[in-house]
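Undergrad: Just so it is clear, I am handing over final.pdb, which has PDB, C-alpha atoms.
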```pdb
ATOM      1  CA  MET I   1      20.556 -27.790  38.600
ATOM      2  CA  ALA I   2      23.116 -25.194  37.504
ATOM      3  CA  ALA I   3      22.096 -23.061  34.589
ATOM      4  CA  GLN I   4      24.217 -23.427  31.467
ATOM      5  CA  SER I   5      25.080 -20.643  29.067
ATOM      6  CA  ALA I   6      21.855 -19.728  27.269
ATOM      7  CA  GLN I   7      23.757 -19.708  23.975
ATOM      8  CA  ALA I   8      25.126 -23.229  24.490
ATOM      9  CA  VAL I   9      21.902 -24.914  25.585
ATOM     10  CA  THR I  10      20.142 -26.946  22.900
ATOM     11  CA  ILE I  11      16.792 -28.681  22.735
ATOM     12  CA  GLY I  12      18.728 -31.929  23.117
ATOM     13  CA  ASP I  13      20.177 -30.697  26.434
ATOM     14  CA  VAL I  14      16.662 -29.957  27.680
ATOM     15  CA  ALA I  15      15.413 -33.373  26.595
ATOM     16  CA  THR I  16      18.295 -35.174  28.349
ATOM     17  CA  ALA I  17      17.949 -33.177  31.574
ATOM     18  CA  ALA I  18      14.167 -33.680  31.673
ATOM     19  CA  GLY I  19      14.367 -37.350  30.725
ATOM     20  CA  VAL I  20      12.134 -36.996  27.668
ATOM     21  CA  SER I  21      12.509 -37.034  23.901
ATOM     22  CA  ARG I  22      13.333 -33.994  21.755
ATOM     23  CA  ALA I  23       9.875 -34.357  20.182
ATOM     24  CA  THR I  24       8.251 -34.006  23.602
ATOM     25  CA  VAL I  25      10.216 -30.830  24.331
ATOM     26  CA  SER I  26       9.171 -29.479  20.931
ATOM     27  CA  ARG I  27       5.502 -30.209  21.644
ATOM     28  CA  VAL I  28       5.724 -28.413  24.980
ATOM     29  CA  LEU I  29       7.389 -25.399  23.373
ATOM     30  CA  ASN I  30       4.635 -25.233  20.756
ATOM     31  CA  GLY I  31       1.907 -25.376  23.407
ATOM     32  CA  LEU I  32       0.408 -28.629  22.196
ATOM     33  CA  ALA I  33      -2.015 -30.307  24.594
ATOM     34  CA  THR I  34      -0.875 -33.850  23.725
ATOM     35  CA  VAL I  35       1.761 -33.886  26.487
ATOM     36  CA  ASP I  36       0.932 -35.143  29.978
ATOM     37  CA  ARG I  37       0.614 -32.214  32.388
ATOM     38  CA  ASP I  38       3.229 -33.532  34.834
ATOM     39  CA  ILE I  39       5.719 -34.161  32.032
ATOM     40  CA  ALA I  40       5.019 -30.730  30.517
ATOM     41  CA  ALA I  41       5.608 -29.101  33.909
ATOM     42  CA  ARG I  42       8.927 -30.961  34.272
ATOM     43  CA  VAL I  43      10.041 -29.847  30.810
ATOM     44  CA  GLU I  44       9.081 -26.228  31.551
ATOM     45  CA  ARG I  45      11.060 -26.292  34.815
ATOM     46  CA  THR I  46      14.066 -27.699  32.987
ATOM     47  CA  ILE I  47      13.835 -25.015  30.318
ATOM     48  CA  ALA I  48      13.806 -22.332  33.007
ATOM     49  CA  GLU I  49      16.663 -23.889  34.975
ATOM     50  CA  LEU I  50      18.892 -24.305  31.926
ATOM     51  CA  GLY I  51      17.996 -20.893  30.544
ATOM     52  CA  TYR I  52      17.080 -22.401  27.170
ATOM     53  CA  ARG I  53      16.001 -19.947  24.465
ATOM     54  CA  PRO I  54      14.414 -21.679  21.470
ATOM     55  CA  SER I  55      15.267 -20.495  17.968
ATOM     56  CA  VAL I  56      12.358 -18.473  16.673
ATOM     57  CA  THR I  57      13.296 -19.378  13.106
ATOM     58  CA  ALA I  58      13.439 -23.092  13.828
ATOM     59  CA  ARG I  59      10.178 -22.967  15.743
ATOM     60  CA  ASN I  60       8.394 -21.149  12.940
ATOM     61  CA  LEU I  61       9.728 -23.607  10.385
ATOM     62  CA  SER I  62       8.484 -26.544  12.468
ATOM     63  CA  LEU I  63       5.032 -24.956  12.544
ATOM     64  CA  GLY I  64       5.098 -24.092   8.855
ATOM     65  CA  ARG I  65       4.880 -20.341   9.426
ATOM     66  CA  THR I  66       7.123 -17.301   9.532
ATOM     67  CA  ASN I  67       4.924 -14.777  11.399
ATOM     68  CA  THR I  68       5.678 -12.334   8.587
ATOM     69  CA  VAL I  69       3.571 -10.683   5.907
ATOM     70  CA  GLY I  70       4.954  -9.638   2.533
ATOM     71  CA  VAL I  71       4.058  -6.305   0.944
ATOM     72  CA  VAL I  72       4.977  -5.595  -2.682
ATOM     73  CA  VAL I  73       4.838  -1.957  -3.821
ATOM     74  CA  PRO I  74       5.731  -0.317  -7.155
ATOM     75  CA  ASP I  75       7.636   2.611  -5.629
ATOM     76  CA  LEU I  76       8.515   2.925  -1.959
ATOM     77  CA  GLY I  77       9.829   6.430  -2.597
ATOM     78  CA  ASN I  78       6.244   7.590  -3.094
ATOM     79  CA  PRO I  79       4.833   8.841   0.238
ATOM     80  CA  MET I  80       1.433   7.409  -0.677
ATOM     81  CA  PHE I  81       2.807   3.855  -0.703
ATOM     82  CA  GLN I  82       4.750   4.608   2.466
ATOM     83  CA  ALA I  83       1.479   5.523   4.190
ATOM     84  CA  ILE I  84      -0.208   2.308   3.055
ATOM     85  CA  LEU I  85       2.791   0.274   4.230
ATOM     86  CA  SER I  86       2.678   2.078   7.573
ATOM     87  CA  GLY I  87      -0.963   1.112   8.003
ATOM     88  CA  VAL I  88      -0.261  -2.561   7.243
ATOM     89  CA  THR I  89       2.798  -2.617   9.521
ATOM     90  CA  ARG I  90       0.998  -1.036  12.446
ATOM     91  CA  ALA I  91      -2.049  -3.301  12.184
ATOM     92  CA  ALA I  92      -0.027  -6.494  11.677
ATOM     93  CA  GLY I  93       2.286  -5.549  14.550
ATOM     94  CA  ARG I  94      -0.642  -5.490  16.965
ATOM     95  CA  ASP I  95      -1.149  -9.173  16.130
ATOM     96  CA  GLY I  96       2.512 -10.056  16.578
ATOM     97  CA  LYS I  97       3.338 -10.141  12.862
ATOM     98  CA  ARG I  98       6.207  -8.457  11.084
ATOM     99  CA  VAL I  99       6.207  -6.999   7.583
ATOM    100  CA  LEU I 100       8.701  -7.561   4.778
ATOM    101  CA  VAL I 101       8.560  -5.164   1.843
ATOM    102  CA  ALA I 102       9.727  -5.373  -1.773
ATOM    103  CA  ASP I 103       9.904  -2.398  -4.129
ATOM    104  CA  THR I 104       9.606  -3.263  -7.837
ATOM    105  CA  GLY I 105      10.665   0.202  -9.009
ATOM    106  CA  GLU I 106       7.669   0.579 -11.343
ATOM    107  CA  GLN I 107       8.936  -2.417 -13.347
ATOM    108  CA  ALA I 108       5.821  -4.362 -14.291
ATOM    109  CA  ASP I 109       7.841  -7.196 -15.828
ATOM    110  CA  ALA I 110       9.526  -7.860 -12.461
ATOM    111  CA  GLU I 111       6.375  -7.980 -10.340
ATOM    112  CA  ARG I 112       5.347 -11.583 -10.969
ATOM    113  CA  GLU I 113       8.601 -13.155  -9.755
ATOM    114  CA  VAL I 114       9.000 -10.685  -6.907
ATOM    115  CA  ALA I 115       5.472 -11.371  -5.669
ATOM    116  CA  LEU I 116       5.819 -15.165  -5.859
ATOM    117  CA  GLU I 117       9.203 -15.115  -4.116
ATOM    118  CA  MET I 118       7.830 -12.867  -1.397
ATOM    119  CA  ARG I 119       4.861 -15.159  -0.833
ATOM    120  CA  ARG I 120       7.120 -18.222  -0.506
ATOM    121  CA  ALA I 121       9.055 -16.413   2.222
ATOM    122  CA  THR I 122       6.023 -15.170   4.193
ATOM    123  CA  ASP I 123       2.653 -16.293   5.528
ATOM    124  CA  ALA I 124       0.553 -13.891   3.449
ATOM    125  CA  LEU I 125       0.881 -11.286   0.730
ATOM    126  CA  VAL I 126      -0.300  -7.717   0.138
ATOM    127  CA  LEU I 127      -0.058  -6.689  -3.515
ATOM    128  CA  CYS I 128      -0.143  -2.915  -3.609
ATOM    129  CA  ALA I 129      -1.189  -1.320  -6.920
ATOM    130  CA  PRO I 130       0.233  -4.140  -9.063
ATOM    131  CA  ARG I 131       1.215  -3.059 -12.584
ATOM    132  CA  MET I 132       1.460  -6.518 -14.181
ATOM    133  CA  PRO I 133      -0.999  -7.586 -16.929
ATOM    134  CA  ASP I 134      -4.261  -9.252 -15.916
ATOM    135  CA  ALA I 135      -3.150 -12.760 -16.965
ATOM    136  CA  GLU I 136       0.000 -12.592 -14.841
ATOM    137  CA  LEU I 137      -1.869 -11.076 -11.913
ATOM    138  CA  ASN I 138      -4.466 -13.857 -11.988
ATOM    139  CA  GLU I 139      -1.651 -16.424 -12.013
ATOM    140  CA  VAL I 140       0.016 -14.797  -9.008
ATOM    141  CA  LEU I 141      -3.261 -14.614  -7.085
ATOM    142  CA  ALA I 142      -3.965 -18.297  -7.761
ATOM    143  CA  GLN I 143      -0.616 -19.250  -6.195
ATOM    144  CA  SER I 144      -0.468 -16.769  -3.331
ATOM    145  CA  SER I 145      -3.386 -17.360  -0.974
ATOM    146  CA  PRO I 146      -3.833 -15.744   1.462
ATOM    147  CA  VAL I 147      -3.417 -12.548  -0.498
ATOM    148  CA  VAL I 148      -5.096  -9.155  -0.664
ATOM    149  CA  VAL I 149      -4.965  -6.715  -3.580
ATOM    150  CA  VAL I 150      -4.701  -2.999  -2.855
ATOM    151  CA  ASN I 151      -5.602  -0.244  -5.326
ATOM    152  CA  ARG I 152      -6.575  -2.494  -8.202
ATOM    153  CA  ALA I 153      -9.938  -4.104  -8.842
ATOM    154  CA  VAL I 154      -9.649  -7.616 -10.262
ATOM    155  CA  ALA I 155     -12.753  -9.217 -11.728
ATOM    156  CA  GLY I 156     -13.594 -12.885 -11.310
ATOM    157  CA  VAL I 157     -11.240 -13.750  -8.438
ATOM    158  CA  ALA I 158     -12.222 -14.532  -4.871
ATOM    159  CA  VAL I 159      -9.568 -12.482  -3.077
ATOM    160  CA  PRO I 160     -10.087  -9.405  -0.884
ATOM    161  CA  GLN I 161      -9.655  -6.154  -2.799
ATOM    162  CA  ILE I 162      -9.419  -2.716  -1.202
ATOM    163  CA  ALA I 163      -8.888   0.460  -3.176
ATOM    164  CA  LEU I 164      -8.911   4.233  -2.993
ATOM    165  CA  ASP I 165     -11.656   5.722  -5.168
ATOM    166  CA  TYR I 166      -9.532   7.764  -7.554
ATOM    167  CA  ALA I 167     -12.442   8.169  -9.942
ATOM    168  CA  ASP I 168     -14.410  10.043  -7.298
ATOM    169  CA  ALA I 169     -11.310  12.033  -6.306
ATOM    170  CA  THR I 170     -10.751  13.050  -9.924
ATOM    171  CA  THR I 171     -14.374  14.109 -10.214
ATOM    172  CA  GLN I 172     -14.026  16.325  -7.142
ATOM    173  CA  VAL I 173     -11.015  18.107  -8.609
ATOM    174  CA  ILE I 174     -12.510  18.664 -12.064
ATOM    175  CA  ASP I 175     -15.830  19.867 -10.685
ATOM    176  CA  ARG I 176     -14.018  22.383  -8.503
ATOM    177  CA  LEU I 177     -11.826  23.638 -11.350
ATOM    178  CA  ALA I 178     -14.931  24.067 -13.491
ATOM    179  CA  ALA I 179     -16.636  25.979 -10.688
ATOM    180  CA  LEU I 180     -13.588  28.295 -10.554
ATOM    181  CA  GLY I 181     -14.184  29.183 -14.181
ATOM    182  CA  HIS I 182     -11.436  27.131 -15.801
ATOM    183  CA  ARG I 183     -12.235  26.004 -19.340
ATOM    184  CA  ARG I 184      -8.932  24.502 -20.491
ATOM    185  CA  VAL I 185      -7.588  21.817 -18.150
ATOM    186  CA  LEU I 186      -4.520  19.608 -18.581
ATOM    187  CA  TYR I 187      -4.234  16.194 -16.917
ATOM    188  CA  LEU I 188      -0.648  15.059 -16.317
ATOM    189  CA  GLY I 189      -1.120  11.295 -16.216
ATOM    190  CA  GLY I 190       0.817   8.585 -14.398
ATOM    191  CA  PRO I 191       2.139   5.184 -15.487
ATOM    192  CA  ILE I 192       0.132   3.556 -18.272
ATOM    193  CA  ALA I 193       0.095   0.268 -16.320
ATOM    194  CA  SER I 194      -1.419   1.928 -13.237
ATOM    195  CA  ALA I 195      -4.991   0.841 -12.558
ATOM    196  CA  SER I 196      -5.625   4.006 -10.560
ATOM    197  CA  ASN I 197      -4.472   6.075 -13.536
ATOM    198  CA  ARG I 198      -7.089   4.300 -15.652
ATOM    199  CA  LEU I 199      -9.716   5.229 -13.062
ATOM    200  CA  ARG I 200      -8.692   8.862 -13.376
ATOM    201  CA  VAL I 201      -8.868   8.734 -17.180
ATOM    202  CA  ARG I 202     -12.333   7.183 -17.038
ATOM    203  CA  ALA I 203     -13.524   9.893 -14.649
ATOM    204  CA  ILE I 204     -12.096  12.572 -16.957
ATOM    205  CA  ALA I 205     -14.119  11.170 -19.875
ATOM    206  CA  GLU I 206     -17.281  11.278 -17.760
ATOM    207  CA  ALA I 207     -16.480  14.814 -16.606
ATOM    208  CA  ALA I 208     -16.094  15.972 -20.213
ATOM    209  CA  THR I 209     -19.657  14.829 -20.825
ATOM    210  CA  ARG I 210     -20.909  16.498 -17.660
ATOM    211  CA  HIS I 211     -19.024  19.720 -18.385
ATOM    212  CA  PRO I 212     -19.283  20.340 -22.152
ATOM    213  CA  GLU I 213     -17.749  23.770 -21.610
ATOM    214  CA  LEU I 214     -14.465  22.134 -20.526
ATOM    215  CA  SER I 215     -11.590  21.153 -22.783
ATOM    216  CA  ILE I 216      -9.522  18.504 -20.979
ATOM    217  CA  GLU I 217      -6.203  17.547 -22.571
ATOM    218  CA  GLN I 218      -4.241  14.529 -21.343
ATOM    219  CA  LEU I 219      -0.488  14.027 -21.273
ATOM    220  CA  THR I 220       1.277  10.943 -19.848
ATOM    221  CA  VAL I 221       4.293  11.962 -17.774
ATOM    222  CA  GLY I 222       4.898   9.575 -14.845
ATOM    223  CA  PRO I 223       4.641   9.521 -11.027
ATOM    224  CA  SER I 224       7.692  11.458  -9.773
ATOM    225  CA  LEU I 225       8.813  14.965  -8.853
ATOM    226  CA  SER I 226      11.129  15.103 -11.859
ATOM    227  CA  ASP I 227       8.268  14.028 -14.136
ATOM    228  CA  GLY I 228       6.376  17.093 -12.957
ATOM    229  CA  THR I 229       9.351  19.395 -13.494
ATOM    230  CA  ASP I 230       9.923  17.966 -16.975
ATOM    231  CA  ALA I 231       6.294  18.696 -17.859
ATOM    232  CA  VAL I 232       6.653  22.483 -17.518
ATOM    233  CA  GLY I 233       7.251  23.063 -21.225
ATOM    234  CA  PRO I 234       4.294  20.969 -22.456
ATOM    235  CA  THR I 235       2.090  22.515 -19.760
ATOM    236  CA  LEU I 236       2.818  26.052 -20.925
ATOM    237  CA  ALA I 237       2.426  25.017 -24.576
ATOM    238  CA  SER I 238      -1.004  23.528 -23.866
ATOM    239  CA  GLY I 239      -2.523  26.883 -23.020
ATOM    240  CA  ALA I 240      -4.308  25.340 -20.042
ATOM    241  CA  SER I 241      -5.329  27.584 -17.162
ATOM    242  CA  ALA I 242      -5.437  24.633 -14.736
ATOM    243  CA  VAL I 243      -3.544  21.381 -14.311
ATOM    244  CA  MET I 244      -4.622  18.237 -12.480
ATOM    245  CA  ALA I 245      -1.591  16.065 -11.732
ATOM    246  CA  TYR I 246      -1.531  12.290 -11.324
ATOM    247  CA  ASN I 247      -0.288  12.727  -7.768
ATOM    248  CA  ASP I 248       1.137  15.316  -5.398
ATOM    249  CA  LEU I 249       4.737  14.574  -6.354
ATOM    250  CA  VAL I 250       4.050  15.455  -9.984
ATOM    251  CA  ALA I 251       2.099  18.550  -8.911
ATOM    252  CA  ILE I 252       4.873  19.799  -6.595
ATOM    253  CA  GLY I 253       7.506  19.161  -9.268
ATOM    254  CA  LEU I 254       5.433  21.108 -11.782
ATOM    255  CA  ILE I 255       4.914  24.049  -9.421
ATOM    256  CA  SER I 256       8.642  24.172  -8.715
ATOM    257  CA  GLY I 257       9.431  24.228 -12.425
ATOM    258  CA  LEU I 258       6.801  26.874 -13.147
ATOM    259  CA  ARG I 259       8.129  29.117 -10.390
ATOM    260  CA  GLU I 260      11.660  28.779 -11.780
ATOM    261  CA  ARG I 261      10.306  30.215 -15.036
ATOM    262  CA  GLY I 262       8.524  33.022 -13.238
ATOM    263  CA  VAL I 263       5.036  31.605 -13.856
ATOM    264  CA  ASP I 264       2.562  32.605 -11.159
ATOM    265  CA  VAL I 265       0.652  29.769  -9.470
ATOM    266  CA  PRO I 266      -2.312  30.109  -9.271
ATOM    267  CA  GLY I 267      -2.418  33.563 -10.922
ATOM    268  CA  ARG I 268      -1.614  32.197 -14.374
ATOM    269  CA  ILE I 269      -2.002  28.433 -13.876
ATOM    270  CA  SER I 270      -3.847  26.603 -11.111
ATOM    271  CA  VAL I 271      -2.347  23.247 -10.063
ATOM    272  CA  ALA I 272      -4.060  20.428  -8.139
ATOM    273  CA  GLY I 273      -2.575  17.142  -6.959
ATOM    274  CA  MET I 274      -3.849  13.866  -5.587
ATOM    275  CA  ASP I 275      -3.268  11.892  -2.319
ATOM    276  CA  ASP I 276      -2.590  14.849   0.009
ATOM    277  CA  ILE I 277       0.813  13.594   1.092
ATOM    278  CA  PRO I 278       2.315  15.282   4.204
ATOM    279  CA  PHE I 279       4.358  17.674   2.047
ATOM    280  CA  ALA I 280       1.300  18.995   0.167
ATOM    281  CA  ARG I 281       0.306  21.672   2.633
ATOM    282  CA  PHE I 282       3.926  22.778   3.049
ATOM    283  CA  ALA I 283       4.485  23.348  -0.665
ATOM    284  CA  HIS I 284       4.739  26.936  -1.897
ATOM    285  CA  PRO I 285       2.024  27.727  -2.639
ATOM    286  CA  SER I 286       0.276  25.128  -0.504
ATOM    287  CA  LEU I 287      -1.114  22.391  -2.740
ATOM    288  CA  THR I 288      -4.770  21.717  -3.429
ATOM    289  CA  SER I 289      -5.194  17.949  -3.270
ATOM    290  CA  VAL I 290      -7.601  15.159  -2.416
ATOM    291  CA  ALA I 291      -6.957  13.606   1.002
ATOM    292  CA  LEU I 292      -7.346   9.846   0.694
ATOM    293  CA  PRO I 293      -7.354   7.440   3.694
ATOM    294  CA  GLN I 294      -4.101   5.657   2.893
ATOM    295  CA  ASP I 295      -3.416   4.487   6.459
ATOM    296  CA  GLN I 296      -6.930   3.074   6.667
ATOM    297  CA  LEU I 297      -6.299   1.222   3.423
ATOM    298  CA  GLY I 298      -3.309  -0.519   4.997
ATOM    299  CA  GLU I 299      -5.279  -1.342   8.145
ATOM    300  CA  LEU I 300      -8.107  -2.864   6.107
ATOM    301  CA  ALA I 301      -5.633  -4.896   4.068
ATOM    302  CA  TRP I 302      -4.455  -6.545   7.278
ATOM    303  CA  GLN I 303      -8.010  -7.079   8.497
ATOM    304  CA  ALA I 304      -8.734  -8.888   5.237
ATOM    305  CA  LEU I 305      -5.779 -11.251   5.819
ATOM    306  CA  ARG I 306      -6.302 -11.984   9.518
ATOM    307  CA  PRO I 307      -9.058 -14.640   9.177
ATOM    308  CA  ALA I 308      -6.868 -16.720   6.846
ATOM    309  CA  LEU I 309      -3.998 -16.661   9.343
ATOM    310  CA  ASP I 310      -6.103 -16.998  12.496
ATOM    311  CA  PRO I 311      -9.300 -19.084  12.166
ATOM    312  CA  THR I 312     -10.633 -17.610  15.425
ATOM    313  CA  GLN I 313     -11.039 -14.238  13.709
ATOM    314  CA  PRO I 314     -14.375 -13.372  12.076
ATOM    315  CA  PRO I 315     -14.350 -13.424   8.274
ATOM    316  CA  PHE I 316     -13.638 -10.192   6.434
ATOM    317  CA  ASP I 317     -17.070  -8.837   5.535
ATOM    318  CA  ALA I 318     -16.717  -7.554   1.996
ATOM    319  CA  THR I 319     -18.348  -8.299  -1.322
ATOM    320  CA  GLY I 320     -16.301  -7.214  -4.317
ATOM    321  CA  THR I 321     -13.890  -4.309  -4.036
ATOM    322  CA  VAL I 322     -14.032  -2.083  -0.952
ATOM    323  CA  TRP I 323     -13.753   1.513  -2.164
ATOM    324  CA  LEU I 324     -12.500   4.269   0.157
ATOM    325  CA  ARG I 325     -13.357   7.846  -0.766
ATOM    326  CA  GLY I 326     -11.348  10.999  -0.190
ATOM    327  CA  GLN I 327     -12.080  14.666   0.434
ATOM    328  CA  LEU I 328     -10.886  17.661  -1.576
ATOM    329  CA  GLN I 329      -8.510  19.929   0.367
ATOM    330  CA  GLU I 330      -8.576  23.311  -1.365
ATOM    331  CA  ARG I 331      -5.426  25.369  -0.776
ATOM    332  CA  ASP I 332      -3.463  28.206  -2.381
ATOM    333  CA  SER I 333      -2.316  26.465  -5.593
ATOM    334  CA  THR I 334      -5.753  26.808  -7.194
ATOM    335  CA  GLY I 335      -7.884  29.869  -7.792
ATOM    336  CA  PRO I 336     -10.291  31.485 -10.257
ATOM    337  CA  SER I 337      -9.341  31.389 -13.902
ATOM    338  CA  ALA I 338      -7.772  34.626 -15.122
ATOM    339  CA  ARG I 339      -8.631  33.791 -18.736
TER     340      ARG I 339
END
```
Represent the structure of the file as structure tokens.

TA:
Amino acid sequence: MAAQSAQAVTIGDVATAAGVSRATVSRVLNGLATVDRDIAARVERTIAELGYRPSVTARNLSLGRTNTVGVVVPDLGNPMFQAILSGVTRAAGRDGKRVLVADTGEQADAEREVALEMRRATDALVLCAPRMPDAELNEVLAQSSPVVVVNRAVAGVAVPQIALDYADATTQVIDRLAALGHRRVLYLGGPIASASNRLRVRAIAEAATRHPELSIEQLTVGPSLSDGTDAVGPTLASGASAVMAYNDLVAIGLISGLRERGVDVPGRISVAGMDDIPFARFAHPSLTSVALPQDQLGELAWQALRPALDPTQPPFDATGTVWLRGQLQERDSTGPSAR
């Protein structure tokens, strides 16, 4: 039998050449065991002889799956979210899945629709640090199974939740600054809607009790480099000898702005970040930060989804939120208080 052009061959051509129905060809392509072995062998030979290449999209639609996983993040420009996405992509890729990503641009009011649309287009959903209110988040989770929530603990819902322990990371930074003799500390906070920011604020309140000698002022700025640069004036006005930034981007932006004004870091002001993004150790001075296992977070998010997509996989063994801790990386941007 002469092979036809692979582009021109259809499932109907295969069915006609093999003397079977289109439905039988479809069952053979999908590996179903309901087709007689001899007939299946004849269909497979015909497929090979004609050079038929089935449409992946059509096949997935017939099986009710897309072989894709959706990931929704608040800001893909943040290296921390890039690292989490990388972990999900790598882990899902090993199982033959592809990842689609949506960036909501820190717009909490857009997250609900974006998340629901993403879930309709994919087989599963990873919600990374969602900013939406609890009521909306619960609604999305109820409609999105299988779904996993990253970097936000949600009470009363039976969905996997995996998060970085920013409370512990904040405690590590404050304890170290206190040990260096700092008594006036400024926290440059992130988005109000950020659950991880709330963890930091809670840890700061506990640290103030543990360190009565410390005065810890808080100022909401945002999550970006420019937010850090814009905070130079308020930082200098605060009289703080040390600053803990919401993340490394804010910290690096602040250091850049301080250096432009001739302020010595850490001679006059110590600065610490959070997340230990790849740029942290290349900053000038190199940035003290807390290294958090962001790649591992992405890997675990996929592990939590796998059993729902493949019943042969063991269930994800987790009760409540899985918390991943980090480790303080002390570098040149922090030092003893000069005051």

Undergrad: When you look at Asp276 in chain I with a cut-off of 6 Å (counting all atoms listed in the file), what residues show up, excluding the ones that are within fewer than 3 positions of it in the same chain? I need them as a PDB file with C-alpha atoms, keeping the file's coordinate frame.

TA:
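Saved file out16.pdb follows:
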```pdb
ATOM      1  CA  ALA I 280       1.300  18.995   0.167  1.00  0.00           C
ATOM      2  CA  SER I 289      -5.194  17.949  -3.270  1.00  0.00           C
ATOM      3  CA  VAL I 290      -7.601  15.159  -2.416  1.00  0.00           C
ATOM      4  CA  ALA I 291      -6.957  13.606   1.002  1.00  0.00           C
TER       5      ALA I 291
END
```

Undergrad: Hey, can you check how far CA of Ile192 in chain I sits from CA of Pro130 in chain I?

TA: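 We find that CA of Ile192 in chain I and CA of Pro130 in chain I lie 12.0 Å from each other.
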
Undergrad: How far is it from CA of Thr312 in chain I to CA of Arg65 in chain I, in Å with one decimal?

TA: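 Separating CA of Thr312 in chain I from CA of Arg65 in chain I is a distance of 16.9 Å.
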
Undergrad: Write out as a list in words which residues come within 10 Å of Arg259 in chain I when counting all atoms listed in the file, dropping same-chain ones fewer than 5 positions away.

TA: Val232, Leu254, Asp264, Val265, His284 and Pro285 of chain I

Undergrad: Pull out every residue that the PyMOL selection byres ((chain I and resi 158) around 10) matches in the shown coordinates and put them as a ChimeraX atom specification.

TA: /I:141-142,148,154-157,159-161,319-320

Undergrad: Just so the selection is clear, what residues does the PyMOL selection byres ((chain I and resi 229) around 7) cover here, as JSON, numbers by chain?

TA: {"I": [225, 226, 227, 228, 230, 231, 232, 253, 254, 256, 257]}

Undergrad: Just to confirm, what's the straight-line distance from CA of Gln296 in chain I to CA of Pro311 in chain I in Å (one decimal)?

TA: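 Those two atoms sit 23.0 Å apart.
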
Undergrad: How big is the axis-aligned box around all listed atoms of range 272-281 of chain I once 8 Å goes on each side, and where's its centre, in Å to one decimal, as lines of an AutoDock Vina configuration file?

TA:
```
center_x = 0.1
center_y = 16.8
center_z = -2.0
size_x = 24.4
size_y = 25.8
size_z = 28.3
```

Undergrad: Taking only C-alpha atoms into account, name the residue in I:Ile47, I:Ile11, I:Leu85, I:Ile204 that is nearest to Gly298 in chain I.

TA: I:Leu85

Undergrad: Write out as a ChimeraX atom specification the residues lying within 12 Å of Ala304 in chain I, counting only C-alpha atoms and excluding same-chain residues fewer than 6 positions away.

TA: /I:88,91-92,124-126,145-150,159-162,297-298,310,313-319,321-322

Undergrad: Write out as a count of residues only each polymer residue whose atoms come within 7 Å of Glu217 in chain I, counting all atoms listed in the file; drop sequence neighbours fewer than 6 positions from it.

TA: 3

Undergrad: Just checking: using all atoms listed in the file, which residue out of I:Leu249, I:Ile216, I:Ala338, I:Leu309 ends up closest to Ser270 in chain I?

TA: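 For Ser270 in chain I, the nearest of the candidates is I:Ala338.
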
Undergrad: Which polymer residues have any atom within 7 Å of an atom of Ser337 in chain I, counting all atoms listed in the file, with same-chain residues fewer than 6 positions away left out, as a ChimeraX atom specification?

TA: /I:180-182,241

Undergrad: Looking at only C-alpha atoms, which of I:Thr288, I:Pro266, I:Phe282, I:Ala207 is the one that sits closest to Asn247 in chain I?

TA: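 Ranked by minimum distance to Asn247 in chain I, first place goes to I:Thr288.
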